[in-house]
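Asker: Enclosed is the structure file data09.pdb (PDB, C-alpha atoms).
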```pdb
ATOM      1  CA  MET A   1     121.735 100.280  87.303  1.00  0.00           C
ATOM      2  CA  THR A   2     118.464 100.613  89.219  1.00  0.00           C
ATOM      3  CA  PHE A   3     116.522 103.655  87.995  1.00  0.00           C
ATOM      4  CA  VAL A   4     114.075 105.640  90.133  1.00  0.00           C
ATOM      5  CA  CYS A   5     111.402 108.152  89.177  1.00  0.00           C
ATOM      6  CA  SER A   6     109.728 110.211  91.861  1.00  0.00           C
ATOM      7  CA  ALA A   7     106.781 112.062  90.347  1.00  0.00           C
ATOM      8  CA  THR A   8     104.399 114.632  91.750  1.00  0.00           C
ATOM      9  CA  TRP A   9     101.114 115.163  89.976  1.00  0.00           C
ATOM     10  CA  THR A  10      98.878 118.047  91.027  1.00  0.00           C
ATOM     11  CA  ALA A  11      95.323 117.853  89.758  1.00  0.00           C
ATOM     12  CA  GLN A  12      93.485 120.909  88.537  1.00  0.00           C
ATOM     13  CA  PRO A  13      90.729 121.936  90.978  1.00  0.00           C
ATOM     14  CA  GLY A  14      87.774 119.577  90.681  1.00  0.00           C
ATOM     15  CA  HIS A  15      89.748 116.883  88.807  1.00  0.00           C
ATOM     16  CA  GLU A  16      91.168 114.972  91.781  1.00  0.00           C
ATOM     17  CA  GLY A  17      88.727 112.112  91.159  1.00  0.00           C
ATOM     18  CA  THR A  18      89.799 111.795  87.532  1.00  0.00           C
ATOM     19  CA  VAL A  19      93.466 111.562  88.487  1.00  0.00           C
ATOM     20  CA  LEU A  20      92.746 109.110  91.295  1.00  0.00           C
ATOM     21  CA  ALA A  21      90.639 106.896  89.013  1.00  0.00           C
ATOM     22  CA  ALA A  22      93.423 106.837  86.425  1.00  0.00           C
ATOM     23  CA  LEU A  23      96.041 105.944  89.039  1.00  0.00           C
ATOM     24  CA  VAL A  24      93.857 103.145  90.425  1.00  0.00           C
ATOM     25  CA  GLU A  25      94.100 101.514  86.984  1.00  0.00           C
ATOM     26  CA  LEU A  26      97.630 102.591  86.102  1.00  0.00           C
ATOM     27  CA  ALA A  27      99.444 101.447  89.248  1.00  0.00           C
ATOM     28  CA  PRO A  28      98.632  97.718  89.229  1.00  0.00           C
ATOM     29  CA  ALA A  29      99.184  97.468  85.479  1.00  0.00           C
ATOM     30  CA  SER A  30     102.546  99.228  85.819  1.00  0.00           C
ATOM     31  CA  ARG A  31     103.631  96.808  88.555  1.00  0.00           C
ATOM     32  CA  GLN A  32     103.244  93.972  86.031  1.00  0.00           C
ATOM     33  CA  GLU A  33     105.652  95.512  83.514  1.00  0.00           C
ATOM     34  CA  PRO A  34     108.952  93.744  82.895  1.00  0.00           C
ATOM     35  CA  GLY A  35     111.631  95.576  84.846  1.00  0.00           C
ATOM     36  CA  CYS A  36     109.270  97.388  87.232  1.00  0.00           C
ATOM     37  CA  GLN A  37     110.296  96.683  90.826  1.00  0.00           C
ATOM     38  CA  THR A  38     108.023  99.154  92.621  1.00  0.00           C
ATOM     39  CA  TYR A  39     105.162 101.470  91.698  1.00  0.00           C
ATOM     40  CA  VAL A  40     103.595 103.149  94.722  1.00  0.00           C
ATOM     41  CA  VAL A  41     101.045 105.968  94.661  1.00  0.00           C
ATOM     42  CA  HIS A  42     100.459 108.367  97.558  1.00  0.00           C
ATOM     43  CA  GLN A  43      97.854 111.092  98.000  1.00  0.00           C
ATOM     44  CA  ASP A  44      98.655 114.022 100.273  1.00  0.00           C
ATOM     45  CA  PRO A  45      96.007 114.107 103.051  1.00  0.00           C
ATOM     46  CA  GLU A  46      96.579 117.841 103.584  1.00  0.00           C
ATOM     47  CA  GLU A  47      96.372 118.610  99.864  1.00  0.00           C
ATOM     48  CA  PRO A  48      94.188 115.978  98.181  1.00  0.00           C
ATOM     49  CA  SER A  49      94.966 117.384  94.744  1.00  0.00           C
ATOM     50  CA  VAL A  50      98.608 116.279  95.142  1.00  0.00           C
ATOM     51  CA  PHE A  51      99.579 112.731  94.177  1.00  0.00           C
ATOM     52  CA  ARG A  52     103.092 111.343  94.534  1.00  0.00           C
ATOM     53  CA  ILE A  53     104.267 108.338  92.563  1.00  0.00           C
ATOM     54  CA  PHE A  54     107.413 106.422  93.491  1.00  0.00           C
ATOM     55  CA  GLU A  55     108.661 104.131  90.734  1.00  0.00           C
ATOM     56  CA  VAL A  56     111.676 101.812  90.730  1.00  0.00           C
ATOM     57  CA  TYR A  57     112.864 100.001  87.597  1.00  0.00           C
ATOM     58  CA  ASP A  58     115.669  97.566  86.842  1.00  0.00           C
ATOM     59  CA  ASP A  59     117.226 100.181  84.571  1.00  0.00           C
ATOM     60  CA  GLU A  60     116.474 103.296  82.545  1.00  0.00           C
ATOM     61  CA  ALA A  61     115.401 101.224  79.542  1.00  0.00           C
ATOM     62  CA  ALA A  62     112.597  99.618  81.585  1.00  0.00           C
ATOM     63  CA  PHE A  63     111.469 103.078  82.698  1.00  0.00           C
ATOM     64  CA  LYS A  64     111.432 104.370  79.124  1.00  0.00           C
ATOM     65  CA  ALA A  65     109.446 101.313  78.004  1.00  0.00           C
ATOM     66  CA  HIS A  66     106.828 102.184  80.665  1.00  0.00           C
ATOM     67  CA  ALA A  67     105.706 105.206  78.632  1.00  0.00           C
ATOM     68  CA  GLY A  68     104.943 103.015  75.625  1.00  0.00           C
ATOM     69  CA  TYR A  69     102.564 100.532  77.243  1.00  0.00           C
ATOM     70  CA  PRO A  70      98.850 100.745  76.400  1.00  0.00           C
ATOM     71  CA  HIS A  71      97.866 101.230  80.052  1.00  0.00           C
ATOM     72  CA  PHE A  72     100.187 104.262  80.334  1.00  0.00           C
ATOM     73  CA  GLU A  73      98.814 105.739  77.132  1.00  0.00           C
ATOM     74  CA  LYS A  74      95.208 105.195  78.244  1.00  0.00           C
ATOM     75  CA  TYR A  75      95.335 106.192  81.906  1.00  0.00           C
ATOM     76  CA  ALA A  76      98.288 108.578  82.203  1.00  0.00           C
ATOM     77  CA  LEU A  77      98.321 110.292  78.819  1.00  0.00           C
ATOM     78  CA  GLY A  78      94.625 109.918  78.078  1.00  0.00           C
ATOM     79  CA  GLN A  79      93.049 110.636  81.470  1.00  0.00           C
ATOM     80  CA  ALA A  80      95.289 112.018  84.211  1.00  0.00           C
ATOM     81  CA  ILE A  81      97.903 114.193  82.529  1.00  0.00           C
ATOM     82  CA  PRO A  82      95.381 116.333  80.582  1.00  0.00           C
ATOM     83  CA  VAL A  83      93.775 117.449  83.881  1.00  0.00           C
ATOM     84  CA  LEU A  84      96.968 118.153  85.808  1.00  0.00           C
ATOM     85  CA  ALA A  85      97.839 121.659  86.936  1.00  0.00           C
ATOM     86  CA  ASN A  86     101.450 120.572  87.409  1.00  0.00           C
ATOM     87  CA  ARG A  87     103.642 117.532  86.784  1.00  0.00           C
ATOM     88  CA  GLU A  88     107.120 117.196  88.233  1.00  0.00           C
ATOM     89  CA  ARG A  89     109.525 114.291  87.911  1.00  0.00           C
ATOM     90  CA  VAL A  90     112.873 113.650  89.564  1.00  0.00           C
ATOM     91  CA  PHE A  91     115.127 110.876  88.276  1.00  0.00           C
ATOM     92  CA  THR A  92     117.776 109.156  90.366  1.00  0.00           C
ATOM     93  CA  THR A  93     119.747 105.934  90.493  1.00  0.00           C
ATOM     94  CA  VAL A  94     120.160 103.665  93.504  1.00  0.00           C
ATOM     95  CA  LEU A  95     123.631 103.663  94.990  1.00  0.00           C
ATOM     96  CA  ASP A  96     124.982 100.378  96.240  1.00  0.00           C
ATOM     97  CA  VAL A  97     126.561 101.693  99.437  1.00  0.00           C
TER      98      VAL A  97
END
```
Could you write out this structure as structure tokens?
Answerer:
Amino acid sequence: MTFVCSATWTAQPGHEGTVLAALVELAPASRQEPGCQTYVVHQDPEEPSVFRIFEVYDDEAAFKAHAGYPHFEKYALGQAIPVLANRERVFTTVLDV
């Protein structure tokens, strides 16, 4: 079943550039992962510290594998997440209706 993660990352003041730089590397590498259908990053023009990530995977297993790839460890865990003020994730599945 198609698995979706909608994430909101809010950078700590002054760290927007660090988060953006990490996402510039993370997004294209994530799109190459087996089972990744979509990985789109948005930055809120009204609140530049807020980044939204929309991810679609073939299934939950592909999403879970995402967290184990070297590019996720380097750019998400190593660069962006340590300078976030807040991180929210919502998980859903696509309905075939």
Asker: Report as a list of chain:residue names the full result of the PyMOL selection byres ((chain A and resi 79-84) around 7) when it is applied to this structure.
Answerer: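 Against this file, the PyMOL selection byres ((chain A and resi 79-84) around 7) returns the residues A:Trp9, A:Thr10, A:Ala11, A:Gln12, A:His15, A:Thr18, A:Val19, A:Ala22, A:Lys74, A:Tyr75, A:Ala76, A:Leu77, A:Gly78, A:Ala85, A:Asn86, A:Arg87.
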Asker: Specify as a count of residues only each residue included when the PyMOL selection byres ((chain A and resi 88) around 6) is applied to this file.
Answerer: 4
Asker: Applying the PyMOL selection byres ((chain A and resi 92) around 8) to the file I just gave you, which residues come out? Please list them as a list in words.
Answerer: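 Checked against the file, the PyMOL selection byres ((chain A and resi 92) around 8) matches Phe3, Val4, Cys5, Val90, Phe91, Thr93 and Val94 of chain A.
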Asker: In Å, with one decimal, what is the gap from CA of Glu16 (chain A) to CA of Pro48 (chain A)?
Answerer: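 Spanning CA of Glu16 (chain A) to CA of Pro48 (chain A) is a straight-line distance of 7.1 Å.
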Asker: Using all atoms listed in the file, which residues sit within 8 Å of Glu55 (chain A) once same-chain residues fewer than 6 positions away are excluded, as a ChimeraX atom specification?
Answerer: /A:4-6,36-40
Asker: Kindly compute an axis-aligned box around the listed atoms of region 82-90 of chain A, allowing 8 Å on each side, and express its centre and edge lengths in Å to one decimal as lines of an AutoDock Vina configuration file.
Answerer:
```
center_x = 103.3
center_y = 117.7
center_z = 85.1
size_x = 35.1
size_y = 24.0
size_z = 25.0
```
Asker: Report, in Å with one decimal, the straight-line distance from CA of Ala62 (chain A) to CA of Glu33 (chain A).
Answerer: 8.3 Å
